[in-house]
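S.K.: Could you have a look at this structure, given as structure tokens, before my questions?
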Amino acid sequence: MTTFNKSFTQQEPIPEAGIERAVAVMRSGRLHRYNAAAGEATETELLEQEFAAYQGSRYCLACASGGYALHVAMRAVGVQPGDKVLCNAFTLAPVPGAIHNAGGVPVFVETTDDFTIDLDDLEHKAAAEDVHYLLLSHMRGHLADMDRLMAICNRHGVIVIEDCAHTMGASWNGKKSGSFGRVGCFSTQTYKHMNSGEGGFLTTDDDEVMARAIIYSGSYMLYERHLAAPPRDVFARIRFETPNYSGRMDNLRAAILRPQLAGLDEQCRRWNALYRVTEAGLRQIPCLRLPERPAAEQFVASSIQFSLPDQREADIRRFLERCEARGVPLKWFGDADPKGYTSRFDSWQYLGEPPSLPHTERVLATMCDMRLPLTFDEADCRLITRIIAEVCDELFSSAAPGAHAN
């Protein structure tokens with residue numbers, strides 16, 4: 001019986017240029033972002049400037065984590081305790097966690113069969129008079145129709161914050177993910193598109209939003225040291241009324257990230273090559289359904305998702321067990337018991353009674369998720385899909401034709 005022997009969580013090493021810069025920072029002892037010799041631009045300042053240019057944004061703030069960037073973004077756009085914040089029902093725990101941290105109340109929006117936010121349900125919920133914010137999670141790298149989404153939000157006066165943890169480098173109709181809403185937030189946690197262990201970015205074109213975010217991050221009135229920031233006069237009032245939440249990135253992580261940013265587009269190309277090989281193999285398996293991805297979506301696929309439509313929970317569990325026994329661990333968002341990062345909206349009990357979201361429940365009940373690390377090659381992807389096909393044939397070969405929706 002063929003098995004797969006590589007790790008799904010093994011990342012590529014940090015580029016040598018990043019290691020050299022990190023060693024230079026450590027030798028200098030100047031790890032804090034504001035600790036620099038006279039006239040010297042720190043690694044963090046330069047990284048912010050470079051990421052803003054990459055995004056096509058006026059401003060960028062480097063943060064200690066993507067979750068911190070989300071929290072600060074909501075505070076900076078005006079979310080107050082008790083405010084309702086729309087958000088995807090299919091997302092990861094840091095997203096509702098950031099809303100809760102800002103004092104907001106999550107209002108979950110249904111999920112489509114293609115794993116994006118349901119725009120019909122968004123239209124309905126955005127029309128409520130007491131809803132003014134959307135924290136949009138581009139979950140697992142799937143972009144909704146951003147033109148229609150922004151038209152809905154603009155029509156109802158809803159401010160959009162984009163969670164781009166899984167879409168760094170992606171775009172919709174040529175416009176970068178993270179540049180549609182008032183604020184874009186990104187993660188550089190190990191399993192994201194750039195790796196600093198933990199870290200993140202906040203980008204915006206809004207002067208006041210960025211000024212607040214910089215003060216929130218803990219600038220100690222050293223905001224003039226930011227190269228990708230609004231003019232000094234914007235801070236005149238904001239600096240006295242904005243608290244310090246201390247969530248800065250340090251120079252060590254910035255040094256690791258700058259060479260990765262320079263190579264990001266090539267990394268995105270490699271991820272998509274792996275995705276296309278994996279997608280082609282999975283589409284040959286009759287019992288699976290893969291999402292349809294529109295031509296307008298220029299995605300970055302560092303993972304792949306598929307569903308097992310109409311399969312019972314017991315059969316899905318057997319499928320997962322047999323795949324894992326052959327070296328292909330898949331994550332399942334249908335499990336009532338949260339495991340690892342796969343918690344779902346009805347397991348976040350700190351939010352109170354879970355809402356009724358029947359479509360999301362149905363979608364997640366049969367959805368499987370698999371990482372595609374760049375330590376894999378195309379032959380690995382073909383072997384993985386062969387193993388999944390063999391397991392499906394063992395378990396579901398009697399499935400009725402047409403159960404597969406592609």
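Note on naming: chains are A, B, ... as they come in the structure tokens, residues start from 1 per chain, ligands start from 1 in the order shown.
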So that I can check the surroundings of A:Tyr220, please list as an mmCIF file with N, CA and C atoms, in the first residue's frame every protein, DNA and RNA residue that reaches within 10 Å of it, counting only C-alpha atoms and ignoring chain neighbours fewer than 2 positions away.

M.R.:
```cif
data_model
loop_
_atom_site.group_PDB
_atom_site.id
_atom_site.type_symbol
_atom_site.label_atom_id
_atom_site.label_comp_id
_atom_site.auth_asym_id
_atom_site.auth_seq_id
_atom_site.Cartn_x
_atom_site.Cartn_y
_atom_site.Cartn_z
ATOM 1 N N TYR A 34 12.380 51.182 17.308
ATOM 2 C CA TYR A 34 12.769 52.588 17.422
ATOM 3 C C TYR A 34 14.208 52.764 17.904
ATOM 4 N N ILE A 214 -0.887 53.692 14.391
ATOM 5 C CA ILE A 214 0.512 53.843 14.819
ATOM 6 C C ILE A 214 0.591 54.154 16.309
ATOM 7 N N ILE A 215 -0.267 55.047 16.792
ATOM 8 C CA ILE A 215 -0.267 55.352 18.221
ATOM 9 C C ILE A 215 -0.721 54.132 19.022
ATOM 10 N N TYR A 216 -1.789 53.461 18.564
ATOM 11 C CA TYR A 216 -2.231 52.241 19.235
ATOM 12 C C TYR A 216 -1.097 51.228 19.353
ATOM 13 N N SER A 217 -0.273 51.122 18.311
ATOM 14 C CA SER A 217 0.752 50.078 18.269
ATOM 15 C C SER A 217 1.852 50.295 19.292
ATOM 16 N N GLY A 218 1.924 51.493 19.854
ATOM 17 C CA GLY A 218 2.943 51.768 20.859
ATOM 18 C C GLY A 218 4.113 52.549 20.304
ATOM 19 N N LEU A 222 6.955 58.513 18.814
ATOM 20 C CA LEU A 222 8.034 58.453 17.835
ATOM 21 C C LEU A 222 7.483 58.189 16.437
ATOM 22 N N TYR A 223 6.240 58.662 16.204
ATOM 23 C CA TYR A 223 5.565 58.396 14.935
ATOM 24 C C TYR A 223 6.291 58.991 13.736
ATOM 25 N N ARG A 239 -2.729 61.958 18.860
ATOM 26 C CA ARG A 239 -1.714 61.441 19.794
ATOM 27 C C ARG A 239 -2.111 61.615 21.249
ATOM 28 N N ASN A 244 -2.019 53.403 24.075
ATOM 29 C CA ASN A 244 -0.928 52.553 23.607
ATOM 30 C C ASN A 244 -1.276 51.103 23.918
ATOM 31 N N SER A 246 0.663 48.553 22.507
ATOM 32 C CA SER A 246 1.942 47.844 22.385
ATOM 33 C C SER A 246 1.853 46.543 21.602
#
```

S.K.: Can you tell me, as a ChimeraX atom specification, what residues are no more than 9 Å from A:Asn88 when counting only C-alpha atoms, ignoring any on the same chain fewer than 2 positions away?

M.R.: /A:86,90-91,95,107-111,116-118,134-139

S.K.: So which residues touch stretch 235-238 of chain A within 9 Å, counting only C-alpha atoms, skipping near sequence neighbours fewer than 2 positions away, as a ChimeraX atom specification?

M.R.: /A:208,211-212,215,223,230-233,240-242

S.K.: Can you write just those residues out, C-alpha atoms, as a PDB file, in the first residue's frame?

M.R.:
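Written output follows (result_24.pdb):
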```
ATOM      1  CA  GLU A 208      -6.500  59.264  10.418  1.00  0.00           C
ATOM      2  CA  ALA A 211      -2.260  57.720  12.586  1.00  0.00           C
ATOM      3  CA  ARG A 212      -4.479  56.046  15.193  1.00  0.00           C
ATOM      4  CA  ILE A 215      -0.267  55.352  18.221  1.00  0.00           C
ATOM      5  CA  TYR A 223       5.565  58.396  14.935  1.00  0.00           C
ATOM      6  CA  PRO A 230       0.781  60.166   7.193  1.00  0.00           C
ATOM      7  CA  PRO A 231       2.240  63.663   7.730  1.00  0.00           C
ATOM      8  CA  ARG A 232       3.111  64.874  11.229  1.00  0.00           C
ATOM      9  CA  ASP A 233       0.151  67.270  11.458  1.00  0.00           C
ATOM     10  CA  PHE A 240      -3.438  62.755  22.931  1.00  0.00           C
ATOM     11  CA  GLU A 241      -6.633  60.694  22.666  1.00  0.00           C
ATOM     12  CA  THR A 242      -5.320  57.310  21.524  1.00  0.00           C
TER      13      THR A 242
END
```

S.K.: Which residues come within 7 Å of stretch 377-379 of chain A, counting only C-alpha atoms, excluding same-chain residues fewer than 2 positions away, as JSON, numbers by chain?

M.R.: {"A": [274, 277, 375, 381, 382, 383]}

S.K.: Store the residues of this selection in a file with N, CA and C atoms, as a JSON list (two decimals), in the first residue's frame.

M.R.:
```
[["chain", "number", "residue", "atom", "x", "y", "z"],
["A", 274, "LEU", "N", 1.49, 24.05, -7.70],
["A", 274, "LEU", "CA", 1.14, 22.88, -6.89],
["A", 274, "LEU", "C", -0.37, 22.71, -6.82],
["A", 277, "VAL", "N", -1.92, 21.22, -10.09],
["A", 277, "VAL", "CA", -1.69, 19.77, -10.22],
["A", 277, "VAL", "C", -2.61, 19.02, -9.27],
["A", 375, "THR", "N", 7.58, 22.88, 0.35],
["A", 375, "THR", "CA", 8.52, 21.77, 0.44],
["A", 375, "THR", "C", 8.02, 20.57, -0.37],
["A", 381, "CYS", "N", 2.31, 16.05, -5.18],
["A", 381, "CYS", "CA", 0.88, 16.35, -5.30],
["A", 381, "CYS", "C", 0.15, 15.26, -6.06],
["A", 382, "ARG", "N", 0.78, 14.71, -7.08],
["A", 382, "ARG", "CA", 0.15, 13.61, -7.82],
["A", 382, "ARG", "C", 0.01, 12.36, -6.95],
["A", 383, "LEU", "N", 1.02, 12.09, -6.11],
["A", 383, "LEU", "CA", 0.94, 10.94, -5.21],
["A", 383, "LEU", "C", -0.17, 11.15, -4.18]]
```

S.K.: I'd like the neighbourhood of A:Phe376 as a list in words, where a residue qualifies if any of its atoms comes within 10 Å (using only C-alpha atoms), though same-chain residues fewer than 5 positions away should be ignored.

M.R.: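 Answer for this query is Lys6, Ser7, Phe8, Gln10, Gln11, Glu12, Trp271, Leu274 and Cys381 of chain A.
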
S.K.: What does the file look like for those residues with C-alpha atoms, as a PDB file, in the first residue's frame?

M.R.:
```pdb
ATOM      1  CA  LYS A   6       6.599  14.157   3.788  1.00  0.00           C
ATOM      2  CA  SER A   7       5.364  16.553   6.482  1.00  0.00           C
ATOM      3  CA  PHE A   8       2.442  18.852   5.679  1.00  0.00           C
ATOM      4  CA  GLN A  10       7.362  21.610   7.146  1.00  0.00           C
ATOM      5  CA  GLN A  11       8.114  25.046   5.722  1.00  0.00           C
ATOM      6  CA  GLU A  12      11.023  26.102   3.562  1.00  0.00           C
ATOM      7  CA  TRP A 271       2.001  27.601  -4.785  1.00  0.00           C
ATOM      8  CA  LEU A 274       1.143  22.877  -6.892  1.00  0.00           C
ATOM      9  CA  CYS A 381       0.878  16.352  -5.301  1.00  0.00           C
TER      10      CYS A 381
END
```

S.K.: Set the distance at 6 Å and use only C-alpha atoms: which residues neighbour A:His71 once local chain neighbours fewer than 3 positions away are removed? I'd like the list as a list in words.

M.R.: Tyr68, Met74, Ala98 and Ala102 of chain A

S.K.: Residues of the last selection are to be written out with C-alpha atoms, as a compact mmCIF listing (two decimals), in the first residue's frame.

M.R.:
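File written: out-v6.txt
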```txt
# COMPACT_ATOMS: atom_id res chain seq x y z
CA TYR A 68 -3.30 42.34 16.60
CA MET A 74 -11.30 47.88 14.15
CA ALA A 98 -10.30 40.25 17.36
CA ALA A 102 -12.26 45.39 20.28
```

S.K.: Run DSSP on the backbone of this structure and report the residues of stretch 222-268 of chain A it assigns to alpha helix (DSSP H), as a PDB file with N, CA and C atoms, in the first residue's frame.

M.R.:
```
ATOM      1  N   PHE A 235      -1.207  63.733  13.307  1.00  0.00           N
ATOM      2  CA  PHE A 235      -1.093  63.182  14.665  1.00  0.00           C
ATOM      3  C   PHE A 235      -1.397  64.216  15.753  1.00  0.00           C
ATOM      4  N   ALA A 236      -1.539  65.493  15.380  1.00  0.00           N
ATOM      5  CA  ALA A 236      -1.616  66.572  16.374  1.00  0.00           C
ATOM      6  C   ALA A 236      -2.670  66.318  17.443  1.00  0.00           C
ATOM      7  N   ARG A 237      -3.875  65.946  17.043  1.00  0.00           N
ATOM      8  CA  ARG A 237      -4.942  65.659  18.011  1.00  0.00           C
ATOM      9  C   ARG A 237      -4.932  64.189  18.430  1.00  0.00           C
ATOM     10  N   ILE A 238      -4.741  63.317  17.475  1.00  0.00           N
ATOM     11  CA  ILE A 238      -4.872  61.874  17.713  1.00  0.00           C
ATOM     12  C   ILE A 238      -3.907  61.383  18.785  1.00  0.00           C
ATOM     13  N   ARG A 239      -2.729  61.958  18.860  1.00  0.00           N
ATOM     14  CA  ARG A 239      -1.714  61.441  19.794  1.00  0.00           C
ATOM     15  C   ARG A 239      -2.111  61.615  21.249  1.00  0.00           C
ATOM     16  N   PHE A 240      -3.020  62.545  21.548  1.00  0.00           N
ATOM     17  CA  PHE A 240      -3.438  62.755  22.931  1.00  0.00           C
ATOM     18  C   PHE A 240      -4.646  61.913  23.332  1.00  0.00           C
ATOM     19  N   GLU A 241      -5.382  61.391  22.358  1.00  0.00           N
ATOM     20  CA  GLU A 241      -6.633  60.694  22.666  1.00  0.00           C
ATOM     21  C   GLU A 241      -6.603  59.203  22.337  1.00  0.00           C
ATOM     22  N   ASN A 251      12.714  44.580  14.865  1.00  0.00           N
ATOM     23  CA  ASN A 251      13.636  44.577  13.729  1.00  0.00           C
ATOM     24  C   ASN A 251      14.103  43.184  13.335  1.00  0.00           C
ATOM     25  N   LEU A 252      14.123  42.262  14.282  1.00  0.00           N
ATOM     26  CA  LEU A 252      14.563  40.910  13.962  1.00  0.00           C
ATOM     27  C   LEU A 252      13.594  40.249  12.985  1.00  0.00           C
ATOM     28  N   ARG A 253      12.303  40.328  13.281  1.00  0.00           N
ATOM     29  CA  ARG A 253      11.322  39.728  12.375  1.00  0.00           C
ATOM     30  C   ARG A 253      11.280  40.470  11.042  1.00  0.00           C
ATOM     31  N   ALA A 254      11.421  41.786  11.098  1.00  0.00           N
ATOM     32  CA  ALA A 254      11.418  42.554   9.836  1.00  0.00           C
ATOM     33  C   ALA A 254      12.596  42.154   8.950  1.00  0.00           C
ATOM     34  N   ALA A 255      13.742  41.908   9.565  1.00  0.00           N
ATOM     35  CA  ALA A 255      14.925  41.498   8.801  1.00  0.00           C
ATOM     36  C   ALA A 255      14.693  40.160   8.106  1.00  0.00           C
ATOM     37  N   ILE A 256      13.984  39.254   8.775  1.00  0.00           N
ATOM     38  CA  ILE A 256      13.666  37.951   8.201  1.00  0.00           C
ATOM     39  C   ILE A 256      12.694  38.091   7.030  1.00  0.00           C
ATOM     40  N   LEU A 257      11.789  39.073   7.125  1.00  0.00           N
ATOM     41  CA  LEU A 257      10.707  39.202   6.150  1.00  0.00           C
ATOM     42  C   LEU A 257      11.095  39.949   4.878  1.00  0.00           C
ATOM     43  N   ARG A 258      12.012  40.891   4.956  1.00  0.00           N
ATOM     44  CA  ARG A 258      12.284  41.723   3.782  1.00  0.00           C
ATOM     45  C   ARG A 258      12.725  40.919   2.558  1.00  0.00           C
ATOM     46  N   PRO A 259      13.631  39.950   2.674  1.00  0.00           N
ATOM     47  CA  PRO A 259      13.959  39.146   1.490  1.00  0.00           C
ATOM     48  C   PRO A 259      12.797  38.272   1.023  1.00  0.00           C
ATOM     49  N   GLN A 260      11.944  37.841   1.947  1.00  0.00           N
ATOM     50  CA  GLN A 260      10.773  37.052   1.545  1.00  0.00           C
ATOM     51  C   GLN A 260       9.800  37.892   0.724  1.00  0.00           C
ATOM     52  N   LEU A 261       9.638  39.146   1.100  1.00  0.00           N
ATOM     53  CA  LEU A 261       8.765  40.029   0.328  1.00  0.00           C
ATOM     54  C   LEU A 261       9.306  40.201  -1.089  1.00  0.00           C
ATOM     55  N   ALA A 262      10.612  40.318  -1.215  1.00  0.00           N
ATOM     56  CA  ALA A 262      11.215  40.486  -2.544  1.00  0.00           C
ATOM     57  C   ALA A 262      10.936  39.276  -3.433  1.00  0.00           C
ATOM     58  N   LEU A 264       8.170  37.227  -3.039  1.00  0.00           N
ATOM     59  CA  LEU A 264       6.807  36.767  -2.789  1.00  0.00           C
ATOM     60  C   LEU A 264       6.077  36.353  -4.076  1.00  0.00           C
ATOM     61  N   ASP A 265       6.185  37.118  -5.134  1.00  0.00           N
ATOM     62  CA  ASP A 265       5.450  36.790  -6.354  1.00  0.00           C
ATOM     63  C   ASP A 265       5.886  35.443  -6.919  1.00  0.00           C
ATOM     64  N   GLU A 266       7.170  35.143  -6.841  1.00  0.00           N
ATOM     65  CA  GLU A 266       7.644  33.837  -7.308  1.00  0.00           C
ATOM     66  C   GLU A 266       7.116  32.719  -6.421  1.00  0.00           C
ATOM     67  N   GLN A 267       7.067  32.950  -5.111  1.00  0.00           N
ATOM     68  CA  GLN A 267       6.493  31.953  -4.204  1.00  0.00           C
ATOM     69  C   GLN A 267       5.016  31.713  -4.534  1.00  0.00           C
ATOM     70  N   CYS A 268       4.298  32.776  -4.815  1.00  0.00           N
ATOM     71  CA  CYS A 268       2.884  32.642  -5.170  1.00  0.00           C
ATOM     72  C   CYS A 268       2.727  31.812  -6.442  1.00  0.00           C
TER      73      CYS A 268
END
```

S.K.: Just how far from atom CA of A:Tyr350 is atom CA of A:Asp337, in Å to one decimal?

M.R.: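 These atoms are spaced 15.5 Å apart.
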
S.K.: For A:Val85, which of A:Phe115, A:Tyr59, A:Phe333, A:Tyr133 is the closest residue, counting only C-alpha atoms?

M.R.: A:Tyr133

S.K.: Show which residues sit within 10 Å of A:Ser343, as an MDAnalysis selection string. Count only C-alpha atoms, and ignore same-chain residues fewer than 3 positions away.

M.R.: chainID A and resid 90:93 332:340 346:348

S.K.: Restrict the calculation to only C-alpha atoms, then for each residue of stretch 238-291 of chain A with any atom at most 12 Å from an atom of stretch 354-370 of chain A give the closest atom pair and their distance in Å to one decimal, rows by chain and rising residue number, as JSON lines.

M.R.:
```
{"residue": "A:Tyr275", "atom": "CA", "partner": "A:Met370", "partner_atom": "CA", "distance": 10.5}
{"residue": "A:Thr278", "atom": "CA", "partner": "A:Met370", "partner_atom": "CA", "distance": 10.4}
{"residue": "A:Glu279", "atom": "CA", "partner": "A:Met370", "partner_atom": "CA", "distance": 11.5}
{"residue": "A:Leu282", "atom": "CA", "partner": "A:Met370", "partner_atom": "CA", "distance": 11.9}
{"residue": "A:Cys287", "atom": "CA", "partner": "A:Thr366", "partner_atom": "CA", "distance": 11.4}
{"residue": "A:Leu288", "atom": "CA", "partner": "A:Met367", "partner_atom": "CA", "distance": 9.8}
{"residue": "A:Arg289", "atom": "CA", "partner": "A:Met367", "partner_atom": "CA", "distance": 9.2}
{"residue": "A:Leu290", "atom": "CA", "partner": "A:Met367", "partner_atom": "CA", "distance": 9.6}
{"residue": "A:Pro291", "atom": "CA", "partner": "A:Met367", "partner_atom": "CA", "distance": 10.5}
```

S.K.: Just list the residues in stretch 68-201 of chain A DSSP gives strand (DSSP E or B) on the backbone, as a PDB file with N, CA and C atoms, in the first residue's frame.

M.R.:
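Dumped to result12.pdb:
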```pdb
ATOM      1  N   LYS A  84     -22.076  46.112  16.490  1.00  0.00           N
ATOM      2  CA  LYS A  84     -22.163  44.872  15.729  1.00  0.00           C
ATOM      3  C   LYS A  84     -21.174  44.913  14.560  1.00  0.00           C
ATOM      4  N   VAL A  85     -20.492  43.786  14.362  1.00  0.00           N
ATOM      5  CA  VAL A  85     -19.514  43.668  13.277  1.00  0.00           C
ATOM      6  C   VAL A  85     -19.837  42.407  12.481  1.00  0.00           C
ATOM      7  N   LEU A  86     -20.211  42.591  11.225  1.00  0.00           N
ATOM      8  CA  LEU A  86     -20.447  41.449  10.352  1.00  0.00           C
ATOM      9  C   LEU A  86     -19.144  40.698  10.107  1.00  0.00           C
ATOM     10  N   CYS A  87     -19.234  39.383   9.989  1.00  0.00           N
ATOM     11  CA  CYS A  87     -18.045  38.606   9.658  1.00  0.00           C
ATOM     12  C   CYS A  87     -18.452  37.241   9.123  1.00  0.00           C
ATOM     13  N   ASN A  88     -17.549  36.620   8.363  1.00  0.00           N
ATOM     14  CA  ASN A  88     -17.823  35.300   7.803  1.00  0.00           C
ATOM     15  C   ASN A  88     -18.118  34.299   8.905  1.00  0.00           C
ATOM     16  N   VAL A 105     -19.465  42.967  18.658  1.00  0.00           N
ATOM     17  CA  VAL A 105     -20.320  41.778  18.717  1.00  0.00           C
ATOM     18  C   VAL A 105     -20.385  41.172  17.321  1.00  0.00           C
ATOM     19  N   PRO A 106     -19.819  39.974  17.113  1.00  0.00           N
ATOM     20  CA  PRO A 106     -19.848  39.377  15.780  1.00  0.00           C
ATOM     21  C   PRO A 106     -21.265  39.031  15.328  1.00  0.00           C
ATOM     22  N   VAL A 107     -21.558  39.341  14.070  1.00  0.00           N
ATOM     23  CA  VAL A 107     -22.802  38.923  13.420  1.00  0.00           C
ATOM     24  C   VAL A 107     -22.380  38.097  12.214  1.00  0.00           C
ATOM     25  N   PHE A 108     -22.578  36.792  12.286  1.00  0.00           N
ATOM     26  CA  PHE A 108     -22.030  35.892  11.273  1.00  0.00           C
ATOM     27  C   PHE A 108     -22.882  35.873  10.005  1.00  0.00           C
ATOM     28  N   VAL A 109     -22.183  35.812   8.868  1.00  0.00           N
ATOM     29  CA  VAL A 109     -22.807  35.773   7.552  1.00  0.00           C
ATOM     30  C   VAL A 109     -22.581  34.386   6.955  1.00  0.00           C
ATOM     31  N   THR A 111     -22.250  31.036   4.386  1.00  0.00           N
ATOM     32  CA  THR A 111     -21.157  30.598   3.518  1.00  0.00           C
ATOM     33  C   THR A 111     -21.718  29.920   2.271  1.00  0.00           C
ATOM     34  N   ILE A 117     -17.948  34.137   1.490  1.00  0.00           N
ATOM     35  CA  ILE A 117     -19.062  34.772   2.188  1.00  0.00           C
ATOM     36  C   ILE A 117     -20.268  34.853   1.241  1.00  0.00           C
ATOM     37  N   VAL A 131     -25.869  48.142  11.965  1.00  0.00           N
ATOM     38  CA  VAL A 131     -24.668  47.459  11.459  1.00  0.00           C
ATOM     39  C   VAL A 131     -23.871  48.431  10.593  1.00  0.00           C
ATOM     40  N   HIS A 132     -22.615  48.644  10.952  1.00  0.00           N
ATOM     41  CA  HIS A 132     -21.792  49.628  10.226  1.00  0.00           C
ATOM     42  C   HIS A 132     -20.411  49.096   9.847  1.00  0.00           C
ATOM     43  N   TYR A 133     -20.104  47.828  10.172  1.00  0.00           N
ATOM     44  CA  TYR A 133     -18.763  47.302   9.939  1.00  0.00           C
ATOM     45  C   TYR A 133     -18.826  45.871   9.417  1.00  0.00           C
ATOM     46  N   LEU A 134     -17.877  45.529   8.551  1.00  0.00           N
ATOM     47  CA  LEU A 134     -17.676  44.157   8.095  1.00  0.00           C
ATOM     48  C   LEU A 134     -16.199  43.815   8.229  1.00  0.00           C
ATOM     49  N   LEU A 135     -15.905  42.783   9.005  1.00  0.00           N
ATOM     50  CA  LEU A 135     -14.560  42.215   9.035  1.00  0.00           C
ATOM     51  C   LEU A 135     -14.596  41.006   8.095  1.00  0.00           C
ATOM     52  N   LEU A 136     -14.111  41.208   6.892  1.00  0.00           N
ATOM     53  CA  LEU A 136     -14.214  40.223   5.814  1.00  0.00           C
ATOM     54  C   LEU A 136     -12.993  39.312   5.822  1.00  0.00           C
ATOM     55  N   SER A 137     -13.217  38.036   6.076  1.00  0.00           N
ATOM     56  CA  SER A 137     -12.142  37.053   6.069  1.00  0.00           C
ATOM     57  C   SER A 137     -12.094  36.365   4.708  1.00  0.00           C
ATOM     58  N   ILE A 159     -18.422  49.921   6.674  1.00  0.00           N
ATOM     59  CA  ILE A 159     -16.969  50.026   6.529  1.00  0.00           C
ATOM     60  C   ILE A 159     -16.375  48.620   6.496  1.00  0.00           C
ATOM     61  N   VAL A 160     -15.501  48.366   5.518  1.00  0.00           N
ATOM     62  CA  VAL A 160     -14.924  47.036   5.323  1.00  0.00           C
ATOM     63  C   VAL A 160     -13.476  47.011   5.798  1.00  0.00           C
ATOM     64  N   ILE A 161     -13.165  46.016   6.624  1.00  0.00           N
ATOM     65  CA  ILE A 161     -11.787  45.666   6.978  1.00  0.00           C
ATOM     66  C   ILE A 161     -11.530  44.288   6.388  1.00  0.00           C
ATOM     67  N   GLU A 162     -10.465  44.150   5.614  1.00  0.00           N
ATOM     68  CA  GLU A 162     -10.159  42.866   4.986  1.00  0.00           C
ATOM     69  C   GLU A 162      -9.128  42.092   5.795  1.00  0.00           C
ATOM     70  N   ASP A 163      -9.482  40.853   6.132  1.00  0.00           N
ATOM     71  CA  ASP A 163      -8.531  39.919   6.730  1.00  0.00           C
ATOM     72  C   ASP A 163      -7.898  39.131   5.599  1.00  0.00           C
ATOM     73  N   SER A 171      -5.421  38.844  -5.915  1.00  0.00           N
ATOM     74  CA  SER A 171      -6.134  40.032  -6.394  1.00  0.00           C
ATOM     75  C   SER A 171      -7.460  39.626  -7.017  1.00  0.00           C
ATOM     76  N   TRP A 172      -8.326  40.633  -7.184  1.00  0.00           N
ATOM     77  CA  TRP A 172      -9.619  40.444  -7.859  1.00  0.00           C
ATOM     78  C   TRP A 172      -9.690  41.446  -8.995  1.00  0.00           C
ATOM     79  N   LYS A 175      -6.953  44.023  -8.918  1.00  0.00           N
ATOM     80  CA  LYS A 175      -6.825  44.893  -7.744  1.00  0.00           C
ATOM     81  C   LYS A 175      -6.444  44.036  -6.545  1.00  0.00           C
ATOM     82  N   LYS A 176      -5.397  44.417  -5.834  1.00  0.00           N
ATOM     83  CA  LYS A 176      -4.835  43.595  -4.765  1.00  0.00           C
ATOM     84  C   LYS A 176      -5.832  43.361  -3.633  1.00  0.00           C
ATOM     85  N   VAL A 183      -9.319  49.211   5.420  1.00  0.00           N
ATOM     86  CA  VAL A 183      -8.057  48.694   5.963  1.00  0.00           C
ATOM     87  C   VAL A 183      -7.858  47.268   5.455  1.00  0.00           C
ATOM     88  N   GLY A 184      -6.602  46.911   5.165  1.00  0.00           N
ATOM     89  CA  GLY A 184      -6.228  45.529   4.894  1.00  0.00           C
ATOM     90  C   GLY A 184      -5.315  45.034   5.990  1.00  0.00           C
ATOM     91  N   CYS A 185      -5.542  43.790   6.443  1.00  0.00           N
ATOM     92  CA  CYS A 185      -4.722  43.197   7.505  1.00  0.00           C
ATOM     93  C   CYS A 185      -4.130  41.881   7.009  1.00  0.00           C
ATOM     94  N   PHE A 186      -2.871  41.642   7.338  1.00  0.00           N
ATOM     95  CA  PHE A 186      -2.124  40.501   6.830  1.00  0.00           C
ATOM     96  C   PHE A 186      -1.400  39.810   7.981  1.00  0.00           C
ATOM     97  N   SER A 187      -1.084  38.542   7.762  1.00  0.00           N
ATOM     98  CA  SER A 187      -0.369  37.763   8.773  1.00  0.00           C
ATOM     99  C   SER A 187       0.932  37.239   8.192  1.00  0.00           C
ATOM    100  N   GLY A 200       2.534  40.597  11.420  1.00  0.00           N
ATOM    101  CA  GLY A 200       1.447  41.004  10.538  1.00  0.00           C
ATOM    102  C   GLY A 200       1.621  42.430  10.053  1.00  0.00           C
ATOM    103  N   PHE A 201       0.713  42.842   9.158  1.00  0.00           N
ATOM    104  CA  PHE A 201       0.710  44.195   8.608  1.00  0.00           C
ATOM    105  C   PHE A 201      -0.699  44.756   8.634  1.00  0.00           C
TER     106      PHE A 201
END
```

S.K.: Between atom CA of A:Ile316 and atom CA of A:Val328, measure the distance and give it in Å to one decimal.

M.R.: 14.3 Å

S.K.: So how far away is atom CA of A:Thr2 from atom CA of A:Arg326, in Å?

M.R.: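 Calculated distance between atom CA of A:Arg326 and atom CA of A:Thr2 is 7.1 Å.
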
S.K.: Would you mind telling me which residue in A:Glu297, A:Asp393, A:Glu292, A:Asp147 lies nearest to A:Phe319 when using only C-alpha atoms?

M.R.: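 Of A:Glu297, A:Asp393, A:Glu292, A:Asp147, the one nearest A:Phe319 is A:Asp393, counting only C-alpha atoms.
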